[in-house]
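What follows is the content of final.txt, which has compact mmCIF, C-alpha atoms and all ligand atoms:
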```
# COMPACT_ATOMS: atom_id res chain seq x y z
CA MET R 8 -67.05 106.97 166.09
CA LYS R 9 -65.43 110.38 165.81
CA ARG R 10 -64.49 112.08 169.12
CA ILE R 11 -65.40 115.74 169.51
CA GLY R 12 -64.11 118.52 171.77
CA LEU R 13 -66.43 121.52 172.18
CA LEU R 14 -65.21 125.07 172.81
CA GLY R 15 -68.11 127.28 173.94
CA CYS R 16 -71.21 126.05 175.77
CA GLY R 17 -73.62 128.89 174.91
CA ALA R 18 -76.68 128.83 172.63
CA MET R 19 -74.93 127.12 169.74
CA GLY R 20 -72.57 124.86 171.71
CA THR R 21 -75.47 123.55 173.78
CA GLN R 22 -77.54 122.59 170.72
CA ILE R 23 -74.53 120.92 169.07
CA ALA R 24 -73.84 118.95 172.26
CA LEU R 25 -77.49 117.86 172.51
CA ALA R 26 -77.41 116.73 168.86
CA ILE R 27 -74.39 114.53 169.63
CA ASP R 28 -75.96 113.24 172.86
CA SER R 29 -79.18 112.27 171.07
CA GLY R 30 -77.31 110.40 168.31
CA LYS R 31 -78.33 112.85 165.56
CA ILE R 32 -74.59 113.38 165.06
CA PRO R 33 -72.92 109.93 165.15
CA ALA R 34 -70.01 110.85 167.43
CA THR R 35 -68.93 111.06 171.07
CA LEU R 36 -68.58 114.39 172.83
CA THR R 37 -65.54 113.70 174.99
CA HIS R 38 -64.33 117.11 176.26
CA ILE R 39 -65.86 120.56 176.70
CA PHE R 40 -64.62 124.00 177.77
CA ASP R 41 -66.24 127.39 178.32
CA ALA R 42 -64.64 130.50 179.84
CA SER R 43 -67.66 130.45 182.17
CA LYS R 44 -67.50 127.36 184.41
CA GLU R 45 -71.19 127.81 185.09
CA LYS R 46 -72.00 127.45 181.36
CA SER R 47 -70.00 124.19 181.13
CA SER R 48 -71.69 122.81 184.27
CA ILE R 49 -75.19 123.74 183.05
CA LEU R 50 -74.49 121.95 179.76
CA LEU R 51 -73.10 118.87 181.55
CA GLU R 52 -76.37 118.60 183.52
CA LYS R 53 -78.35 118.39 180.24
CA LEU R 54 -76.32 115.50 178.77
CA SER R 55 -76.78 111.78 179.42
CA ASN R 56 -73.28 110.92 178.16
CA LYS R 57 -71.10 113.22 180.27
CA PRO R 58 -67.95 114.69 178.66
CA GLU R 59 -64.99 115.84 180.74
CA ILE R 60 -64.76 119.58 181.49
CA VAL R 61 -61.15 120.59 180.79
CA GLU R 62 -59.35 123.40 182.63
CA ASN R 63 -58.44 125.51 179.59
CA SER R 64 -59.23 125.67 175.90
CA HIS R 65 -55.82 124.32 174.80
CA LEU R 66 -56.42 121.06 176.67
CA LEU R 67 -59.26 120.19 174.28
CA SER R 68 -56.88 119.39 171.45
CA SER R 69 -54.17 117.78 173.57
CA ASN R 70 -56.66 114.99 174.30
CA PRO R 71 -57.37 112.12 171.86
CA ILE R 72 -60.13 113.75 169.82
CA ASP R 73 -60.70 114.14 166.06
CA ILE R 74 -62.08 117.67 165.88
CA VAL R 75 -62.47 120.78 168.00
CA VAL R 76 -65.77 122.60 167.45
CA GLU R 77 -65.49 126.33 168.17
CA ALA R 78 -68.77 128.01 169.15
CA ALA R 79 -67.37 130.70 171.44
CA SER R 80 -65.98 133.98 170.07
CA GLN R 81 -63.50 135.53 167.67
CA ASP R 82 -61.01 135.78 170.59
CA ALA R 83 -61.28 132.04 171.09
CA VAL R 84 -60.53 131.46 167.39
CA ARG R 85 -57.42 133.68 167.59
CA ASP R 86 -56.30 131.94 170.78
CA VAL R 87 -56.61 128.23 169.95
CA SER R 88 -56.87 127.62 166.20
CA LEU R 89 -53.19 127.22 165.44
CA SER R 90 -52.52 124.92 168.39
CA VAL R 91 -55.49 122.72 167.40
CA LEU R 92 -53.93 122.18 163.96
CA GLN R 93 -50.44 121.73 165.45
CA ASN R 94 -51.93 119.01 167.67
CA LYS R 95 -53.10 117.37 164.42
CA LYS R 96 -56.82 117.85 165.02
CA ASP R 97 -59.44 119.19 162.61
CA LEU R 98 -61.30 122.36 163.53
CA MET R 99 -64.79 123.70 162.88
CA ILE R 100 -65.12 127.47 163.31
CA MET R 101 -68.39 129.34 163.87
CA SER R 102 -66.89 132.76 164.82
CA VAL R 103 -65.79 133.15 161.21
CA GLY R 104 -65.22 136.91 161.42
CA ALA R 105 -61.81 136.22 163.01
CA LEU R 106 -60.60 134.89 159.65
CA LEU R 107 -61.02 138.26 157.92
CA ASP R 108 -57.71 139.22 159.53
CA GLU R 109 -55.54 138.23 156.57
CA SER R 110 -52.54 137.26 158.68
CA ILE R 111 -54.68 134.84 160.71
CA TYR R 112 -56.26 133.40 157.55
CA ASP R 113 -52.87 132.85 155.92
CA ILE R 114 -51.30 131.30 159.03
CA LEU R 115 -54.21 128.88 159.44
CA SER R 116 -54.37 128.06 155.75
CA ASP R 117 -50.63 127.21 155.76
CA ALA R 118 -51.03 125.20 158.98
CA CYS R 119 -53.82 123.10 157.40
CA LYS R 120 -51.39 122.12 154.64
CA ASP R 121 -48.40 121.61 156.98
CA PHE R 122 -50.30 119.42 159.46
CA LYS R 123 -52.67 117.87 156.87
CA LYS R 124 -55.75 118.94 158.79
CA THR R 125 -58.95 120.71 157.72
CA ILE R 126 -60.83 123.75 158.99
CA TYR R 127 -64.59 123.59 158.39
CA LEU R 128 -66.65 126.81 158.11
CA PRO R 129 -70.37 125.92 158.01
CA SER R 130 -72.63 128.11 155.88
CA GLY R 131 -74.13 129.34 159.14
CA ALA R 132 -77.06 131.71 158.94
CA ILE R 133 -77.06 131.98 155.11
CA ALA R 134 -77.60 129.75 152.09
CA GLY R 135 -76.20 129.79 148.57
CA LEU R 136 -72.47 129.60 149.34
CA ASP R 137 -72.17 126.56 147.06
CA GLY R 138 -73.27 128.75 144.13
CA ILE R 139 -71.09 131.70 145.15
CA LYS R 140 -68.00 129.46 145.44
CA ALA R 141 -68.64 128.00 141.98
CA ILE R 142 -68.81 131.41 140.25
CA LYS R 143 -66.25 133.28 142.36
CA ASN R 144 -63.90 133.87 139.43
CA GLU R 145 -66.72 135.41 137.38
CA LEU R 146 -68.08 137.79 140.02
CA ASP R 147 -68.36 141.52 139.28
CA SER R 148 -70.17 142.45 142.51
CA LEU R 149 -71.33 140.82 145.71
CA SER R 150 -73.50 142.40 148.40
CA ILE R 151 -75.45 141.47 151.51
CA THR R 152 -78.13 143.44 153.34
CA THR R 153 -78.80 142.20 156.86
CA THR R 154 -81.96 143.33 158.67
CA LYS R 155 -82.38 142.62 162.38
CA HIS R 156 -84.39 143.89 165.32
CA PRO R 157 -82.39 146.58 167.19
CA ARG R 158 -82.08 144.25 170.23
CA SER R 159 -80.14 141.77 168.06
CA LEU R 160 -77.51 144.45 167.38
CA LYS R 161 -77.06 145.59 170.99
CA GLY R 162 -73.57 145.57 172.47
CA ALA R 163 -71.75 145.86 169.11
CA LYS R 164 -68.43 147.75 169.13
CA PHE R 165 -69.84 150.11 166.45
CA PHE R 166 -72.11 151.83 169.00
CA GLU R 167 -69.15 152.89 171.23
CA ASN R 168 -68.43 155.68 168.71
CA SER R 169 -71.88 156.27 167.27
CA GLN R 170 -74.67 158.73 168.08
CA ILE R 171 -77.28 156.09 167.18
CA ASN R 172 -79.46 155.01 170.10
CA LEU R 173 -80.99 151.63 169.25
CA ASP R 174 -83.79 152.17 171.82
CA GLU R 175 -85.02 155.24 169.92
CA ILE R 176 -85.33 153.57 166.50
CA ASN R 177 -89.01 153.33 165.50
CA SER R 178 -88.78 152.54 161.75
CA PRO R 179 -86.30 150.58 159.56
CA THR R 180 -82.98 152.46 159.75
CA VAL R 181 -79.67 151.86 157.94
CA ILE R 182 -77.04 151.57 160.70
CA PHE R 183 -73.99 150.66 158.62
CA GLU R 184 -72.99 150.69 154.97
CA GLY R 185 -69.49 149.67 153.90
CA ILE R 186 -67.18 146.74 153.18
CA ALA R 187 -67.33 143.33 154.87
CA LYS R 188 -63.97 143.77 156.57
CA ASP R 189 -65.21 146.85 158.47
CA ALA R 190 -68.66 145.35 159.18
CA VAL R 191 -67.10 142.32 160.83
CA SER R 192 -64.77 144.35 163.04
CA GLN R 193 -67.60 146.71 164.11
CA PHE R 194 -70.27 144.00 164.60
CA PRO R 195 -68.20 140.91 165.55
CA ALA R 196 -71.07 138.88 167.04
CA ASN R 197 -73.69 139.86 164.47
CA ILE R 198 -72.28 139.57 161.02
CA ASN R 199 -70.30 136.35 160.62
CA VAL R 200 -72.40 135.85 157.49
CA ALA R 201 -70.64 138.76 155.77
CA ALA R 202 -67.31 137.10 156.59
CA LEU R 203 -68.46 133.77 155.14
CA LEU R 204 -69.84 135.40 152.02
CA SER R 205 -66.67 137.37 151.34
CA LEU R 206 -64.41 134.34 151.98
CA SER R 207 -66.50 132.32 149.49
CA GLY R 208 -66.51 135.08 146.88
CA ILE R 209 -64.37 138.12 146.10
CA GLY R 210 -62.85 138.97 149.46
CA SER R 211 -63.73 141.24 152.35
CA GLU R 212 -62.72 144.52 150.70
CA GLU R 213 -64.91 143.96 147.63
CA THR R 214 -68.02 142.62 149.38
CA SER R 215 -70.59 145.33 150.24
CA VAL R 216 -72.54 145.15 153.49
CA LYS R 217 -75.59 147.07 154.65
CA ILE R 218 -77.02 146.59 158.16
CA VAL R 219 -80.58 147.71 158.87
CA ALA R 220 -82.21 147.91 162.31
CA ASP R 221 -85.96 147.26 162.02
CA PRO R 222 -88.04 147.45 165.22
CA ASN R 223 -90.98 145.82 163.41
CA THR R 224 -89.23 142.56 162.49
CA ASP R 225 -89.03 139.31 164.44
CA LYS R 226 -86.53 137.77 161.99
CA ASN R 227 -82.84 138.05 161.06
CA THR R 228 -83.05 138.57 157.29
CA HIS R 229 -80.12 138.35 154.86
CA HIS R 230 -80.51 139.42 151.23
CA ILE R 231 -77.57 138.50 149.01
CA VAL R 232 -77.04 139.70 145.42
CA ALA R 233 -74.22 138.36 143.21
CA ARG R 234 -73.68 139.62 139.65
CA GLY R 235 -71.14 138.68 136.98
CA LYS R 236 -70.47 136.98 133.67
CA PHE R 237 -72.38 133.91 134.87
CA GLY R 238 -75.58 135.97 135.30
CA LYS R 239 -77.18 137.02 138.59
CA MET R 240 -78.02 135.21 141.82
CA THR R 241 -80.19 136.50 144.66
CA PHE R 242 -80.86 134.77 147.96
CA THR R 243 -83.13 135.96 150.74
CA ILE R 244 -82.97 134.07 154.01
CA GLU R 245 -85.51 134.97 156.73
CA ASN R 246 -84.26 133.42 159.95
CA PHE R 247 -85.93 133.16 163.31
CA PRO R 248 -83.47 134.08 166.08
CA ASP R 249 -82.54 131.35 168.57
CA GLU R 250 -84.62 131.65 171.73
CA ASN R 251 -81.50 131.67 173.94
CA ASN R 252 -79.47 134.21 171.93
CA PRO R 253 -81.28 136.68 169.61
CA LYS R 254 -77.97 137.44 167.84
CA THR R 255 -77.80 133.82 166.63
CA SER R 256 -80.22 132.42 164.06
CA ARG R 257 -81.74 128.97 164.33
CA LEU R 258 -80.37 128.17 160.83
CA ALA R 259 -76.79 128.87 161.99
CA ILE R 260 -77.16 126.21 164.69
CA LEU R 261 -78.75 123.69 162.30
CA SER R 262 -76.01 124.38 159.75
CA ALA R 263 -73.33 123.65 162.36
CA ILE R 264 -75.09 120.40 163.29
CA GLU R 265 -75.37 119.33 159.64
CA THR R 266 -71.70 120.09 158.91
CA LEU R 267 -70.64 118.04 161.90
CA ARG R 268 -73.04 115.20 161.01
CA LYS R 269 -71.51 115.10 157.53
CA TYR R 270 -67.97 115.11 159.00
CA CYS R 271 -68.88 112.17 161.25
CA SER R 272 -70.77 110.06 158.68
CA ASP R 273 -69.68 107.79 155.86
CA ASP R 274 -72.39 108.79 153.44
CA ILE R 275 -73.34 110.21 150.03
CA GLN R 276 -72.33 113.91 150.01
CA ILE R 277 -74.93 116.17 148.40
CA GLY R 278 -74.14 119.64 147.05
CA THR R 279 -70.89 121.45 146.23
N1 LIG N 1 -71.19 131.51 161.33
C1 LIG N 1 -72.41 131.95 161.60
O1 LIG N 1 -73.28 132.10 160.74
C2 LIG N 1 -72.74 132.28 163.03
C3 LIG N 1 -74.07 132.50 163.38
C4 LIG N 1 -74.36 132.76 164.70
C5 LIG N 1 -73.34 132.86 165.64
N2 LIG N 1 -72.05 132.70 165.27
C6 LIG N 1 -70.95 132.82 166.24
O2 LIG N 1 -70.82 131.61 166.97
C7 LIG N 1 -70.34 131.90 168.28
C8 LIG N 1 -71.25 131.22 169.31
O3 LIG N 1 -72.58 131.74 169.22
P1 LIG N 1 -73.60 131.54 170.42
O4 LIG N 1 -74.92 132.02 169.94
O5 LIG N 1 -73.49 130.16 170.97
O6 LIG N 1 -73.03 132.57 171.49
P2 LIG N 1 -73.28 132.55 173.08
O7 LIG N 1 -72.92 133.92 173.56
O8 LIG N 1 -74.63 132.02 173.40
O9 LIG N 1 -72.21 131.51 173.63
C9 LIG N 1 -70.83 131.69 173.53
C10 LIG N 1 -70.16 130.95 174.68
O10 LIG N 1 -68.75 130.94 174.48
C11 LIG N 1 -68.09 131.30 175.69
N3 LIG N 1 -66.84 131.98 175.32
C12 LIG N 1 -66.68 133.18 174.73
N4 LIG N 1 -65.38 133.43 174.51
C13 LIG N 1 -64.70 132.36 174.97
C14 LIG N 1 -63.32 132.01 175.02
N5 LIG N 1 -62.37 132.83 174.55
N6 LIG N 1 -62.96 130.83 175.58
C15 LIG N 1 -63.93 129.99 176.05
N7 LIG N 1 -65.25 130.26 176.03
C16 LIG N 1 -65.62 131.43 175.49
C17 LIG N 1 -69.06 132.20 176.44
O11 LIG N 1 -68.83 132.14 177.85
C18 LIG N 1 -70.42 131.60 176.05
O12 LIG N 1 -70.84 130.61 176.96
C19 LIG N 1 -70.31 133.44 168.41
O13 LIG N 1 -69.00 133.94 168.20
C20 LIG N 1 -71.20 133.90 167.29
O14 LIG N 1 -70.84 135.17 166.79
C21 LIG N 1 -71.74 132.39 163.98
```

Once you've parsed the file, please lay out its structure as structure tokens.
Ligand SMILES: NC(=O)c1ccc[n+]([C@@H]2O[C@H](COP(=O)([O-])OP(=O)(O)OC[C@H]3O[C@@H](n4cnc5c(N)ncnc54)[C@H](O)[C@@H]3O)[C@@H](O)[C@H]2O)c1
Amino acid sequence: MKRIGLLGCGAMGTQIALAIDSGKIPATLTHIFDASKEKSSILLEKLSNKPEIVENSHLLSSNPIDIVVEAASQDAVRDVSLSVLQNKKDLMIMSVGALLDESIYDILSDACKDFKKTIYLPSGAIAGLDGIKAIKNELDSLSITTTKHPRSLKGAKFFENSQINLDEINSPTVIFEGIAKDAVSQFPANINVAALLSLSGIGSEETSVKIVADPNTDKNTHHIVARGKFGKMTFTIENFPDENNPKTSRLAILSAIETLRKYCSDDIQIGT
């Protein structure tokens, strides 16, 4: 059985932990950490097989585990990723936006090779990355339009320097239009999907992103268009937000669980 350390005990971390506890993921959750002690304690209460709560995030990978699962924040990724690999542990990252900083991406990519360890980036709240990866060398353009209820965009850095008042929006309104690199730095908790898409395809400076606030929607919708020599692909994913965190889609959580299940199982692997 693989041994798992969990970093982040919020909406996503809790569902991942419950999937391990119920046996859906064939593994043992041995250690957990959250910057909020309360969050770790609340999670512990929900589990029948109790992991140890460690005192800081670096202690996760100094214990005998196979993989650290990050479901916390971009800051957490910047803080622990390298030491996880140096401690010869695999890593699964959900706060993928952190990797659009090219120096971080390059350092981690080199560390994977040096320490012979793997970083897993689940497809998260979108689908179709298998296709995008396959045709990445034949892409002419790649774009994503993300539509969310204004409450799902609240708290983003973008609004610190914007005149837009999300509470006053009463019809679908384009909030942001630009490249993935800028979208991810302005909306770090909302637009990991743009980071994933650009990493799978033609990079964060060539991937176009539009963010729409729609007060009439109850879904997080992503519409992806890829064009090139291969032809054209379009994907529309209409996600229900998680009930505990409207910024996070249910699919993102299920995608994390499936990636981890695959990592922990000896099985037939389906798809690219
Ligand atoms: N890849 C995707 O498609 C995708 C989709 C949804 C969410 N996400 C990302 O996954 C992460 C988790 O999402 P969530 O819905 O569970 O969020 P959440 O806010 O419900 O939970 C995050 C938890 O991490 C903890 N945390 C934050 N920074 C930390 C740090 N530096 N060290 C330790 N603990 C820390 C918080 O206290 C909180 O309990 C977020 O960064 C989110 O942006 C990715």

Give me the region 144-209 of chain R side of the contact with region 229-235 of chain R, cut-off 9 Å, one line per residue showing its nearest atom pair and distance in Å at one decimal, counting all atoms listed in the file, sorted by chain and residue number, as a tab-separated table.
```
residue	atom	partner	partner_atom	distance
R:Glu145	CA	R:Gly235	CA	5.5
R:Leu146	CA	R:Gly235	CA	4.4
R:Asp147	CA	R:Gly235	CA	4.6
R:Ser148	CA	R:Arg234	CA	5.3
R:Leu149	CA	R:Ala233	CA	4.5
R:Ser150	CA	R:Val232	CA	5.4
R:Ile151	CA	R:Ile231	CA	4.4
R:Thr152	CA	R:His230	CA	5.1
R:Thr153	CA	R:His229	CA	4.5
R:Thr154	CA	R:His229	CA	6.5
R:Lys155	CA	R:His229	CA	8.9
R:Val200	CA	R:His229	CA	8.5
R:Leu204	CA	R:Ile231	CA	8.9
```

All residues having an atom within 8 Å of ligand LIG 1 (chain N) (all atoms listed in the file) as a ChimeraX atom specification:
/R:14-21,40-43,46-47,63-64,77-84,86,100-104,128-133,195-200,203,249,251-256,259-260

Write the residues of the selection above to a file with C-alpha atoms, as a PDB file, in the frame of the given file.
```pdb
ATOM      1  CA  LEU R  14     -65.210 125.070 172.810  1.00  0.00           C
ATOM      2  CA  GLY R  15     -68.110 127.280 173.940  1.00  0.00           C
ATOM      3  CA  CYS R  16     -71.210 126.050 175.770  1.00  0.00           C
ATOM      4  CA  GLY R  17     -73.620 128.890 174.910  1.00  0.00           C
ATOM      5  CA  ALA R  18     -76.680 128.830 172.630  1.00  0.00           C
ATOM      6  CA  MET R  19     -74.930 127.120 169.740  1.00  0.00           C
ATOM      7  CA  GLY R  20     -72.570 124.860 171.710  1.00  0.00           C
ATOM      8  CA  THR R  21     -75.470 123.550 173.780  1.00  0.00           C
ATOM      9  CA  PHE R  40     -64.620 124.000 177.770  1.00  0.00           C
ATOM     10  CA  ASP R  41     -66.240 127.390 178.320  1.00  0.00           C
ATOM     11  CA  ALA R  42     -64.640 130.500 179.840  1.00  0.00           C
ATOM     12  CA  SER R  43     -67.660 130.450 182.170  1.00  0.00           C
ATOM     13  CA  LYS R  46     -72.000 127.450 181.360  1.00  0.00           C
ATOM     14  CA  SER R  47     -70.000 124.190 181.130  1.00  0.00           C
ATOM     15  CA  ASN R  63     -58.440 125.510 179.590  1.00  0.00           C
ATOM     16  CA  SER R  64     -59.230 125.670 175.900  1.00  0.00           C
ATOM     17  CA  GLU R  77     -65.490 126.330 168.170  1.00  0.00           C
ATOM     18  CA  ALA R  78     -68.770 128.010 169.150  1.00  0.00           C
ATOM     19  CA  ALA R  79     -67.370 130.700 171.440  1.00  0.00           C
ATOM     20  CA  SER R  80     -65.980 133.980 170.070  1.00  0.00           C
ATOM     21  CA  GLN R  81     -63.500 135.530 167.670  1.00  0.00           C
ATOM     22  CA  ASP R  82     -61.010 135.780 170.590  1.00  0.00           C
ATOM     23  CA  ALA R  83     -61.280 132.040 171.090  1.00  0.00           C
ATOM     24  CA  VAL R  84     -60.530 131.460 167.390  1.00  0.00           C
ATOM     25  CA  ASP R  86     -56.300 131.940 170.780  1.00  0.00           C
ATOM     26  CA  ILE R 100     -65.120 127.470 163.310  1.00  0.00           C
ATOM     27  CA  MET R 101     -68.390 129.340 163.870  1.00  0.00           C
ATOM     28  CA  SER R 102     -66.890 132.760 164.820  1.00  0.00           C
ATOM     29  CA  VAL R 103     -65.790 133.150 161.210  1.00  0.00           C
ATOM     30  CA  GLY R 104     -65.220 136.910 161.420  1.00  0.00           C
ATOM     31  CA  LEU R 128     -66.650 126.810 158.110  1.00  0.00           C
ATOM     32  CA  PRO R 129     -70.370 125.920 158.010  1.00  0.00           C
ATOM     33  CA  SER R 130     -72.630 128.110 155.880  1.00  0.00           C
ATOM     34  CA  GLY R 131     -74.130 129.340 159.140  1.00  0.00           C
ATOM     35  CA  ALA R 132     -77.060 131.710 158.940  1.00  0.00           C
ATOM     36  CA  ILE R 133     -77.060 131.980 155.110  1.00  0.00           C
ATOM     37  CA  PRO R 195     -68.200 140.910 165.550  1.00  0.00           C
ATOM     38  CA  ALA R 196     -71.070 138.880 167.040  1.00  0.00           C
ATOM     39  CA  ASN R 197     -73.690 139.860 164.470  1.00  0.00           C
ATOM     40  CA  ILE R 198     -72.280 139.570 161.020  1.00  0.00           C
ATOM     41  CA  ASN R 199     -70.300 136.350 160.620  1.00  0.00           C
ATOM     42  CA  VAL R 200     -72.400 135.850 157.490  1.00  0.00           C
ATOM     43  CA  LEU R 203     -68.460 133.770 155.140  1.00  0.00           C
ATOM     44  CA  ASP R 249     -82.540 131.350 168.570  1.00  0.00           C
ATOM     45  CA  ASN R 251     -81.500 131.670 173.940  1.00  0.00           C
ATOM     46  CA  ASN R 252     -79.470 134.210 171.930  1.00  0.00           C
ATOM     47  CA  PRO R 253     -81.280 136.680 169.610  1.00  0.00           C
ATOM     48  CA  LYS R 254     -77.970 137.440 167.840  1.00  0.00           C
ATOM     49  CA  THR R 255     -77.800 133.820 166.630  1.00  0.00           C
ATOM     50  CA  SER R 256     -80.220 132.420 164.060  1.00  0.00           C
ATOM     51  CA  ALA R 259     -76.790 128.870 161.990  1.00  0.00           C
ATOM     52  CA  ILE R 260     -77.160 126.210 164.690  1.00  0.00           C
TER      53      ILE R 260
END
```

Give me, please, the distance in Å between CA of Asn223 (chain R) and CA of Pro157 (chain R), quoted to one decimal.
9.4 Å

Using all atoms listed in the file for the distances, tell me which of R:Ala105, R:Ala26, R:Leu136, R:Asn168 is nearest to Ala202 (chain R).
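Counting all atoms listed in the file, the residue closest to Ala202 (chain R) is R:Ala105.
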
Using all atoms listed in the file: which of R:Ile139, R:Val216, R:Leu89, R:Leu206 has the shortest distance to Asp117 (chain R):
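Of the candidates, the smallest distance to Asp117 (chain R) is held by R:Leu89.
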
Please provide the set of residues having any atom within 9 Å of Ala134 (chain R), restricted to only C-alpha atoms, with same-chain residues fewer than 4 positions apart removed, written as a PyMOL selection string.
chain R and resi 130+242-244

Nearest residue to Glu175 (chain R) from the set R:Ser207, R:Lys31, R:Ser110, R:Arg158 (distances using all atoms listed in the file)
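Smallest distance to Glu175 (chain R) is found for R:Arg158.
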
Can you work out which one of R:Ala190, R:Asn144, R:Glu245, R:Val181 has the shortest atom-to-atom distance to Ala163 (chain R), counting only C-alpha atoms?
R:Ala190

Of the candidates R:Asn227, R:Asp221, R:Phe194, R:Ala24, which shows the shortest atom-to-atom distance to Glu52 (chain R), using all atoms listed in the file?
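Among the listed residues, the smallest separation from Glu52 (chain R) belongs to R:Ala24.
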
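Of the listed residues (R:Ile23, R:Leu36, R:Leu13, R:Ala118), R:Leu13 comes nearest to Leu67 (chain R); the distances count only C-alpha atoms.
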
Distance CA of Asp137 (chain R)-CA of Ile209 (chain R), one decimal place?
14.0 Å

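At a cut-off of 8 Å from (-60.6, 117.3, 162.6), the residue set is Asp73, Ile74, Val75, Lys95, Lys96, Asp97, Leu98, Met99, Lys124, Thr125 and Ile126 of chain R (counting only C-alpha atoms).
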
Find the distance between CA of Asn177 (chain R) and CA of Phe247 (chain R) and write it in Å to one decimal.
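Interatomic distance, CA of Asn177 (chain R) to CA of Phe247 (chain R): 20.5 Å.
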
Identify, on the basis of all atoms listed in the file, every residue whose closest approach to His38 (chain R) does not exceed 9 Å; exclude the query and any residue fewer than 3 positions from it along the same chain; express the result as a list in words.
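Within the cut-off, the hits are Arg10, Ile11, Gly12, Leu13, Leu14, Lys57, Pro58, Glu59, Ile60, Val61, Leu66, Leu67, Asn70 and Ile72 of chain R.
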
Missing atoms in region 129-141 of chain R: fill them in up to N, CA, C and O atoms and send the result as a PDB file, in the frame of the given file.
```
ATOM      1  N   PRO R 129     -69.001 126.164 158.476  1.00  0.00           N
ATOM      2  CA  PRO R 129     -70.370 125.920 158.010  1.00  0.00           C
ATOM      3  C   PRO R 129     -70.984 127.159 157.385  1.00  0.00           C
ATOM      4  O   PRO R 129     -70.570 128.282 157.709  1.00  0.00           O
ATOM      5  N   SER R 130     -71.979 126.965 156.534  1.00  0.00           N
ATOM      6  CA  SER R 130     -72.630 128.110 155.880  1.00  0.00           C
ATOM      7  C   SER R 130     -73.348 129.009 156.878  1.00  0.00           C
ATOM      8  O   SER R 130     -73.711 130.138 156.553  1.00  0.00           O
ATOM      9  N   GLY R 131     -73.572 128.504 158.073  1.00  0.00           N
ATOM     10  CA  GLY R 131     -74.130 129.340 159.140  1.00  0.00           C
ATOM     11  C   GLY R 131     -75.512 129.848 158.808  1.00  0.00           C
ATOM     12  O   GLY R 131     -76.366 129.109 158.316  1.00  0.00           O
ATOM     13  N   ALA R 132     -75.716 131.148 159.026  1.00  0.00           N
ATOM     14  CA  ALA R 132     -77.060 131.710 158.940  1.00  0.00           C
ATOM     15  C   ALA R 132     -77.484 132.057 157.511  1.00  0.00           C
ATOM     16  O   ALA R 132     -78.524 132.672 157.308  1.00  0.00           O
ATOM     17  N   ILE R 133     -76.667 131.678 156.500  1.00  0.00           N
ATOM     18  CA  ILE R 133     -77.060 131.980 155.110  1.00  0.00           C
ATOM     19  C   ILE R 133     -77.085 130.698 154.269  1.00  0.00           C
ATOM     20  O   ILE R 133     -76.653 129.641 154.716  1.00  0.00           O
ATOM     21  N   ALA R 134     -77.573 130.852 153.046  1.00  0.00           N
ATOM     22  CA  ALA R 134     -77.600 129.750 152.090  1.00  0.00           C
ATOM     23  C   ALA R 134     -77.056 130.278 150.774  1.00  0.00           C
ATOM     24  O   ALA R 134     -76.989 131.491 150.574  1.00  0.00           O
ATOM     25  N   GLY R 135     -76.637 129.364 149.895  1.00  0.00           N
ATOM     26  CA  GLY R 135     -76.200 129.790 148.570  1.00  0.00           C
ATOM     27  C   GLY R 135     -74.688 129.843 148.403  1.00  0.00           C
ATOM     28  O   GLY R 135     -74.201 130.172 147.326  1.00  0.00           O
ATOM     29  N   LEU R 136     -73.926 129.500 149.462  1.00  0.00           N
ATOM     30  CA  LEU R 136     -72.470 129.600 149.340  1.00  0.00           C
ATOM     31  C   LEU R 136     -71.904 128.613 148.317  1.00  0.00           C
ATOM     32  O   LEU R 136     -70.856 128.857 147.726  1.00  0.00           O
ATOM     33  N   ASP R 137     -72.627 127.500 148.089  1.00  0.00           N
ATOM     34  CA  ASP R 137     -72.170 126.560 147.060  1.00  0.00           C
ATOM     35  C   ASP R 137     -72.138 127.246 145.699  1.00  0.00           C
ATOM     36  O   ASP R 137     -71.163 127.141 144.950  1.00  0.00           O
ATOM     37  N   GLY R 138     -73.206 128.012 145.403  1.00  0.00           N
ATOM     38  CA  GLY R 138     -73.270 128.750 144.130  1.00  0.00           C
ATOM     39  C   GLY R 138     -72.213 129.842 144.063  1.00  0.00           C
ATOM     40  O   GLY R 138     -71.528 129.994 143.041  1.00  0.00           O
ATOM     41  N   ILE R 139     -72.060 130.595 145.152  1.00  0.00           N
ATOM     42  CA  ILE R 139     -71.090 131.700 145.150  1.00  0.00           C
ATOM     43  C   ILE R 139     -69.667 131.162 144.940  1.00  0.00           C
ATOM     44  O   ILE R 139     -68.881 131.730 144.177  1.00  0.00           O
ATOM     45  N   LYS R 140     -69.350 130.043 145.599  1.00  0.00           N
ATOM     46  CA  LYS R 140     -68.000 129.460 145.440  1.00  0.00           C
ATOM     47  C   LYS R 140     -67.764 129.074 143.979  1.00  0.00           C
ATOM     48  O   LYS R 140     -66.687 129.293 143.437  1.00  0.00           O
ATOM     49  N   ALA R 141     -68.808 128.487 143.352  1.00  0.00           N
ATOM     50  CA  ALA R 141     -68.640 128.000 141.980  1.00  0.00           C
ATOM     51  C   ALA R 141     -68.364 129.142 141.004  1.00  0.00           C
ATOM     52  O   ALA R 141     -67.612 128.970 140.046  1.00  0.00           O
TER      53      ALA R 141
END
```
